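Enquirer: Please find one structure pasted underneath; my questions will follow.
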Amino acid sequence: MELKRAAFKAYDIRGKYPSEINEEMAYRIGRVYVDLFKSKKVVVGHDIRLSGPQIRDALVRGFTEMGCDVVDIGQCGTEMIYFATSFLKLDGGIMITASHNPKDYNGMKLVREGARPISSDTGLKEIEERVIAGNLGTTAAVKGTVVQKDVMTDYVTHIVGYVDKKLLKPLKVVVNAGNGSAGPVIDAMEKYLPFKLIKINNKPDGNFPNGVPNPLLVENREATAKAVRENKADVGVAWDGDFDRCFFFDEKGDMIEGYYIVGLLAKSFLLKTPGAKIIYDPRLIWNTIEIVKEAGGTPVLCRSGHTFIKEMMRKVNAVYGGEMSAHNYFREFTFCDSGMLTCLLVLELICQDSRPLSAMMAERMERYPISGEMNSTVKDAAAIMKKVEKLYGSKGKIDKTDGLSVSYDKWRFSLRISNTEPVIRLNVESRGDKKLVAEKTKELLSVIRG
């Protein structure tokens, strides 16, 4: 079978099944992974996608033929692979997931010991070249073994241990698993928490009967929003398919942009760890920088993407890192992102505040209004980037940490080519001027889309 490079991205593997990612590719990845990293024992797991078990079986065959032992934790979320790699002291692991992509997609996220991510800069490019070329290494004389292990209890106990249960109150919380992998974890956590949980789309189902588990899609938000309003809930939480991200809805059913959650969590960590470093990404920055500096911390800019954030966090020993895309990273969770931990920490903060969530966020949203991420499919992304830089760069301050960012006194924008999809992403923010955000967003989109 001819294998294609299309599934290999900057920091994961993702594509349509079976044309771009399939059993043969998974088998080869397993063999090359072991040969490249000399792994003795690894963990594997998969999300709710229908092709997950087949991909898993092929991957495991590749691992074991190279003499590597495998711990199979079954259906899970990505952060459970991070947890198992560290908790079980394994040499690495692979999560089979395509996260928020449509149901005919699948993919893989790869980590080494200590849940360190493998990106194009740290081995993924070499894996790609060897997989495509068929340079798989020499099989072992003795095959590796496979054991099935349930890590749910250990994982849930660990995650719940991050919050102070004495601070928690009986909030009414709508939880929307999106028929993804989050449902079983929500059920397992429930007995440890005082919250009244109103569950919707809680049953895992790879057919996605209620739409792709991606709360960023406007059409997917209403289910959570409606449940919040109808049940007069204090807050709503929705996860993506592999639950490494979660999204919050206030008591009115309005979704809170992930950007503002970064500032909320950054402040809470700095209260506990004075003077710590906080990582933020270049897409939206002013709110986070201001909060971190006012709280006595050090804001550290980093390129978007989980592998880059995790590497930078380790480099500077940051206590927390956050992306506007709702990926939140925690030093105590092996510098990894966790949608479940984010959920618990934000709910803990809501319990400690006398105001509803909408009031907690209102000041920051007024102070730094944003456009929301605007995606545009274009034929020549590089040419568009050059055109925008020429038009806007001369009068503003340019930053190219990740794509193109241009800042002025009262507003700024970020434009970047997606690492995972054929689109350009635009974000605009201002200093307290919603009208200016709307004007500049419209203006930039007309340039980008022609």
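The chains in the structure tokens are called A, B, ... from first to last as shown; in each chain the residues are counted from 1, and the ligands are counted from 1 in the order shown.
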Could you list, with a cut-off of 12 Å and counting only C-alpha atoms, the residues of range 238-302 of chain A near range 190-203 of chain A, each shown with its nearest atom pair and the distance in Å rounded to one decimal, rows sorted by chain and ascending number, as CSV?

Expert:
```
residue,atom,partner,partner_atom,distance
A:Ala238,CA,A:Ile200,CA,9.4
A:Trp239,CA,A:Asn202,CA,10.5
A:Asp240,CA,A:Asn201,CA,11.7
A:Gly241,CA,A:Asn202,CA,11.4
```

Enquirer: Do a neighbour search on range 210-224 of chain A at 9 Å with only C-alpha atoms, toss out local chain neighbours closer than 4 positions, and write the hits as a PyMOL selection string.

Expert: chain A and resi 99-103+174-180+200-201+228-229+236-242+246-247+249+253-255+325

Enquirer: Out of range 34-245 of chain A, which residues get strand (DSSP E) from DSSP, as JSON, numbers by chain?

Expert: {"A": [41, 42, 43, 44, 45, 46, 69, 70, 71, 72, 73, 74, 75, 92, 93, 94, 95, 96, 105, 106, 107, 108, 109, 110, 111, 112, 146, 147, 148, 172, 173, 174, 175, 176, 196, 197, 198, 199, 200, 235, 236, 237, 238, 239]}

Enquirer: Please save N, CA and C atoms of the selected residues as a tab-separated table (two decimals), in the first residue's frame.

Expert:
```tsv
chain	number	residue	atom	x	y	z
A	41	LYS	N	8.98	-0.46	27.00
A	41	LYS	CA	7.60	-0.63	27.45
A	41	LYS	C	6.83	0.66	27.22
A	42	VAL	N	5.70	0.58	26.53
A	42	VAL	CA	4.92	1.77	26.18
A	42	VAL	C	3.44	1.54	26.48
A	43	VAL	N	2.68	2.64	26.48
A	43	VAL	CA	1.24	2.57	26.69
A	43	VAL	C	0.52	2.99	25.42
A	44	VAL	N	-0.63	2.38	25.15
A	44	VAL	CA	-1.47	2.79	24.03
A	44	VAL	C	-2.91	2.91	24.51
A	45	GLY	N	-3.65	3.78	23.85
A	45	GLY	CA	-5.08	3.94	24.12
A	45	GLY	C	-5.73	4.59	22.92
A	46	HIS	N	-7.06	4.61	22.87
A	46	HIS	CA	-7.76	5.19	21.74
A	46	HIS	C	-9.03	5.89	22.20
A	69	ASP	N	7.22	-4.24	25.05
A	69	ASP	CA	6.01	-4.59	25.79
A	69	ASP	C	5.00	-3.44	25.73
A	70	VAL	N	3.71	-3.77	25.73
A	70	VAL	CA	2.66	-2.77	25.58
A	70	VAL	C	1.65	-2.88	26.72
A	71	VAL	N	1.31	-1.71	27.29
A	71	VAL	CA	0.20	-1.61	28.23
A	71	VAL	C	-0.96	-0.96	27.49
A	72	ASP	N	-2.04	-1.69	27.31
A	72	ASP	CA	-3.20	-1.20	26.58
A	72	ASP	C	-4.25	-0.74	27.58
A	73	ILE	N	-4.53	0.58	27.61
A	73	ILE	CA	-5.51	1.09	28.58
A	73	ILE	C	-6.89	1.27	27.95
A	74	GLY	N	-7.03	0.84	26.67
A	74	GLY	CA	-8.34	0.83	26.04
A	74	GLY	C	-8.84	2.21	25.66
A	75	GLN	N	-10.19	2.38	25.69
A	75	GLN	CA	-10.78	3.67	25.35
A	75	GLN	C	-10.48	4.68	26.44
A	92	GLY	N	7.19	5.62	27.08
A	92	GLY	CA	6.45	6.49	26.18
A	92	GLY	C	5.07	5.94	25.90
A	93	GLY	N	4.42	6.50	24.90
A	93	GLY	CA	3.08	6.03	24.58
A	93	GLY	C	2.51	6.72	23.37
A	94	ILE	N	1.43	6.17	22.84
A	94	ILE	CA	0.74	6.76	21.70
A	94	ILE	C	-0.76	6.75	21.96
A	95	MET	N	-1.37	7.92	21.82
A	95	MET	CA	-2.81	8.06	21.90
A	95	MET	C	-3.38	8.09	20.49
A	96	ILE	N	-4.34	7.22	20.21
A	96	ILE	CA	-4.99	7.16	18.90
A	96	ILE	C	-6.22	8.05	18.95
A	105	TYR	N	-12.05	10.71	10.37
A	105	TYR	CA	-10.63	10.98	10.63
A	105	TYR	C	-10.15	10.11	11.80
A	106	ASN	N	-8.84	9.89	11.82
A	106	ASN	CA	-8.19	9.37	13.01
A	106	ASN	C	-6.76	9.88	13.03
A	107	GLY	N	-6.02	9.59	14.10
A	107	GLY	CA	-4.67	10.11	14.19
A	107	GLY	C	-3.95	9.59	15.41
A	108	MET	N	-2.81	10.18	15.69
A	108	MET	CA	-1.99	9.76	16.83
A	108	MET	C	-1.27	10.95	17.44
A	109	LYS	N	-1.17	10.92	18.76
A	109	LYS	CA	-0.30	11.84	19.50
A	109	LYS	C	0.75	10.98	20.19
A	110	LEU	N	2.01	11.32	20.00
A	110	LEU	CA	3.12	10.50	20.46
A	110	LEU	C	3.86	11.18	21.60
A	111	VAL	N	4.22	10.42	22.62
A	111	VAL	CA	5.03	10.95	23.72
A	111	VAL	C	6.15	9.97	24.05
A	112	ARG	N	7.17	10.51	24.71
A	112	ARG	CA	8.27	9.70	25.22
A	112	ARG	C	8.15	9.60	26.74
A	146	VAL	N	1.69	-8.03	25.69
A	146	VAL	CA	0.61	-7.05	25.76
A	146	VAL	C	-0.23	-7.33	27.00
A	147	VAL	N	-0.45	-6.30	27.81
A	147	VAL	CA	-1.35	-6.44	28.95
A	147	VAL	C	-2.40	-5.33	28.90
A	148	GLN	N	-3.63	-5.68	29.26
A	148	GLN	CA	-4.69	-4.67	29.39
A	148	GLN	C	-4.72	-4.17	30.82
A	172	LYS	N	-24.70	23.68	40.50
A	172	LYS	CA	-25.42	22.92	39.49
A	172	LYS	C	-24.66	23.10	38.18
A	173	VAL	N	-24.13	21.99	37.64
A	173	VAL	CA	-23.21	22.06	36.50
A	173	VAL	C	-23.72	21.20	35.34
A	174	VAL	N	-23.93	21.80	34.18
A	174	VAL	CA	-24.22	21.05	32.97
A	174	VAL	C	-22.90	20.54	32.40
A	175	VAL	N	-22.82	19.24	32.13
A	175	VAL	CA	-21.60	18.66	31.55
A	175	VAL	C	-21.96	17.98	30.24
A	176	ASN	N	-21.27	18.38	29.17
A	176	ASN	CA	-21.55	17.87	27.83
A	176	ASN	C	-20.31	17.18	27.29
A	196	LYS	N	-24.00	19.04	41.52
A	196	LYS	CA	-25.15	18.38	40.90
A	196	LYS	C	-24.91	18.41	39.39
A	197	LEU	N	-24.59	17.28	38.81
A	197	LEU	CA	-24.23	17.22	37.40
A	197	LEU	C	-25.44	16.91	36.53
A	198	ILE	N	-25.64	17.74	35.53
A	198	ILE	CA	-26.69	17.52	34.53
A	198	ILE	C	-25.97	17.08	33.27
A	199	LYS	N	-26.08	15.79	32.95
A	199	LYS	CA	-25.28	15.21	31.87
A	199	LYS	C	-26.05	15.19	30.55
A	200	ILE	N	-25.38	15.66	29.50
A	200	ILE	CA	-25.96	15.55	28.16
A	200	ILE	C	-24.90	14.96	27.22
A	235	VAL	N	-23.21	26.88	35.77
A	235	VAL	CA	-22.16	26.87	34.76
A	235	VAL	C	-22.36	25.65	33.86
A	236	GLY	N	-21.87	25.73	32.64
A	236	GLY	CA	-21.85	24.59	31.74
A	236	GLY	C	-20.43	24.31	31.30
A	237	VAL	N	-20.11	23.04	31.10
A	237	VAL	CA	-18.78	22.64	30.63
A	237	VAL	C	-18.96	21.65	29.49
A	238	ALA	N	-18.24	21.88	28.38
A	238	ALA	CA	-18.29	20.97	27.24
A	238	ALA	C	-16.86	20.61	26.83
A	239	TRP	N	-16.66	19.35	26.45
A	239	TRP	CA	-15.33	18.85	26.09
A	239	TRP	C	-15.27	18.50	24.61
```

Enquirer: Write out as a PyMOL selection string the residues lying within 9 Å of Ala276 in chain A, counting only C-alpha atoms and excluding same-chain residues fewer than 5 positions away.

Expert: chain A and resi 269-270+296-299+317-320

Enquirer: Take the residues from that selection and put them in a file with N, CA and C atoms, as a compact mmCIF listing (two decimals), in the first residue's frame.

Expert:
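Output (result-v4.txt):
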```txt
# COMPACT_ATOMS: atom_id res chain seq x y z
N PHE A 269 -2.93 30.70 39.89
CA PHE A 269 -1.65 30.03 40.12
C PHE A 269 -0.63 30.97 40.74
N LEU A 270 -0.67 32.24 40.34
CA LEU A 270 0.29 33.20 40.91
C LEU A 270 -0.02 33.52 42.37
N GLY A 296 2.35 39.83 39.81
CA GLY A 296 3.75 39.64 40.18
C GLY A 296 4.45 38.49 39.49
N GLY A 297 3.84 37.97 38.42
CA GLY A 297 4.45 36.87 37.68
C GLY A 297 5.22 37.36 36.47
N THR A 298 5.80 36.41 35.74
CA THR A 298 6.55 36.72 34.54
C THR A 298 5.88 36.06 33.34
N PRO A 299 5.31 36.83 32.41
CA PRO A 299 4.70 36.25 31.22
C PRO A 299 5.77 35.86 30.21
N ASN A 317 10.62 26.32 33.52
CA ASN A 317 9.96 25.81 34.73
C ASN A 317 8.70 26.61 35.05
N ALA A 318 7.88 26.86 34.04
CA ALA A 318 6.63 27.60 34.24
C ALA A 318 5.63 26.76 35.02
N VAL A 319 4.86 27.42 35.87
CA VAL A 319 3.88 26.70 36.68
C VAL A 319 2.61 26.39 35.88
N TYR A 320 2.34 27.23 34.87
CA TYR A 320 1.10 27.10 34.09
C TYR A 320 1.31 27.71 32.71
```

Enquirer: Could you go through range 187-371 of chain A and tell me which residues DSSP, when run on the backbone, assigns to alpha helix (DSSP H), listing them as a count of residues only?

Expert: 78

Enquirer: Counting only C-alpha atoms, which of A:Asn231, A:Thr307, A:Thr64, A:Ser120 gets nearest to Lys9 in chain A?

Expert: A:Ser120

Enquirer: Need to verify the contact set: Lys267 in chain A, 9 Å, only C-alpha atoms, exclusion of same-chain residues closer than 5 positions in sequence. Can you return it as a ChimeraX atom specification?

Expert: /A:262,272,291-292,294-295,297

Enquirer: Using N, CA and C atoms, can you write the selected residues to a file as a PDB file, in the first residue's frame?

Expert:
```pdb
ATOM      1  N   VAL A 262      -7.542  31.698  30.400  1.00  0.00           N
ATOM      2  CA  VAL A 262      -6.087  31.713  30.633  1.00  0.00           C
ATOM      3  C   VAL A 262      -5.732  32.733  31.709  1.00  0.00           C
ATOM      4  N   LYS A 272      -0.925  31.254  44.424  1.00  0.00           N
ATOM      5  CA  LYS A 272      -0.358  30.107  45.127  1.00  0.00           C
ATOM      6  C   LYS A 272       1.155  30.016  44.958  1.00  0.00           C
ATOM      7  N   ILE A 291      -2.641  40.729  33.442  1.00  0.00           N
ATOM      8  CA  ILE A 291      -2.989  39.988  34.657  1.00  0.00           C
ATOM      9  C   ILE A 291      -1.745  39.399  35.312  1.00  0.00           C
ATOM     10  N   VAL A 292      -0.879  38.783  34.514  1.00  0.00           N
ATOM     11  CA  VAL A 292       0.323  38.138  35.054  1.00  0.00           C
ATOM     12  C   VAL A 292       1.247  39.163  35.706  1.00  0.00           C
ATOM     13  N   GLU A 294       0.451  42.186  36.878  1.00  0.00           N
ATOM     14  CA  GLU A 294      -0.188  42.756  38.069  1.00  0.00           C
ATOM     15  C   GLU A 294      -0.122  41.795  39.250  1.00  0.00           C
ATOM     16  N   ALA A 295      -0.094  40.494  38.963  1.00  0.00           N
ATOM     17  CA  ALA A 295      -0.040  39.480  40.022  1.00  0.00           C
ATOM     18  C   ALA A 295       1.398  39.123  40.409  1.00  0.00           C
ATOM     19  N   GLY A 297       3.840  37.966  38.416  1.00  0.00           N
ATOM     20  CA  GLY A 297       4.452  36.871  37.679  1.00  0.00           C
ATOM     21  C   GLY A 297       5.216  37.356  36.465  1.00  0.00           C
TER      22      GLY A 297
END
```

Enquirer: Here is a test: counting only C-alpha atoms, which residue of A:Asp380, A:Glu389, A:Glu257, A:Asp281 is nearest to Arg364 in chain A?

Expert: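 The shortest atom-to-atom distance to Arg364 in chain A comes from A:Glu257.
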
Enquirer: Between A:Met189, A:Ile278, A:Leu344, A:Ile417, which one has atoms that come closest to Lys310 in chain A, using only C-alpha atoms?

Expert: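 Of all the options, A:Ile278 lies closest to Lys310 in chain A.
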
Enquirer: Near Val447 in chain A, within 9 Å and counting only C-alpha atoms, which residues show up once chain neighbours fewer than 5 positions away are dropped, as a list in words?

Expert: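 Neighbouring residues, sequence-local ones excluded: Ile384, Lys387, Val388 and Lys442 of chain A.
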
Enquirer: If we count only C-alpha atoms, what is near Ile29 in chain A at a cut-off of 8 Å, once residues fewer than 4 positions away on the same chain are taken out, given as a list in words?

Expert: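 Counting only C-alpha atoms, the residues come to Met25, Tyr33, Leu59, Gly62, Ile127 and Val131 of chain A.
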
Enquirer: Can you tell me, as a PyMOL selection string, what residues are no more than 12 Å from Val142 in chain A when counting only C-alpha atoms, ignoring any on the same chain fewer than 5 positions away?

Expert: chain A and resi 63-69

Enquirer: Work out how far CA of Phe83 in chain A is from CA of Arg31 in chain A, in Å to one decimal.

Expert: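 So the answer is 23.1 Å.
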
Enquirer: Taking into account only C-alpha atoms, which residue in the set A:Ala182, A:Leu88, A:Leu404, A:Leu445 is nearest to Ser338 in chain A?

Expert: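 The answer is A:Ala182, which sits nearest to Ser338 in chain A.
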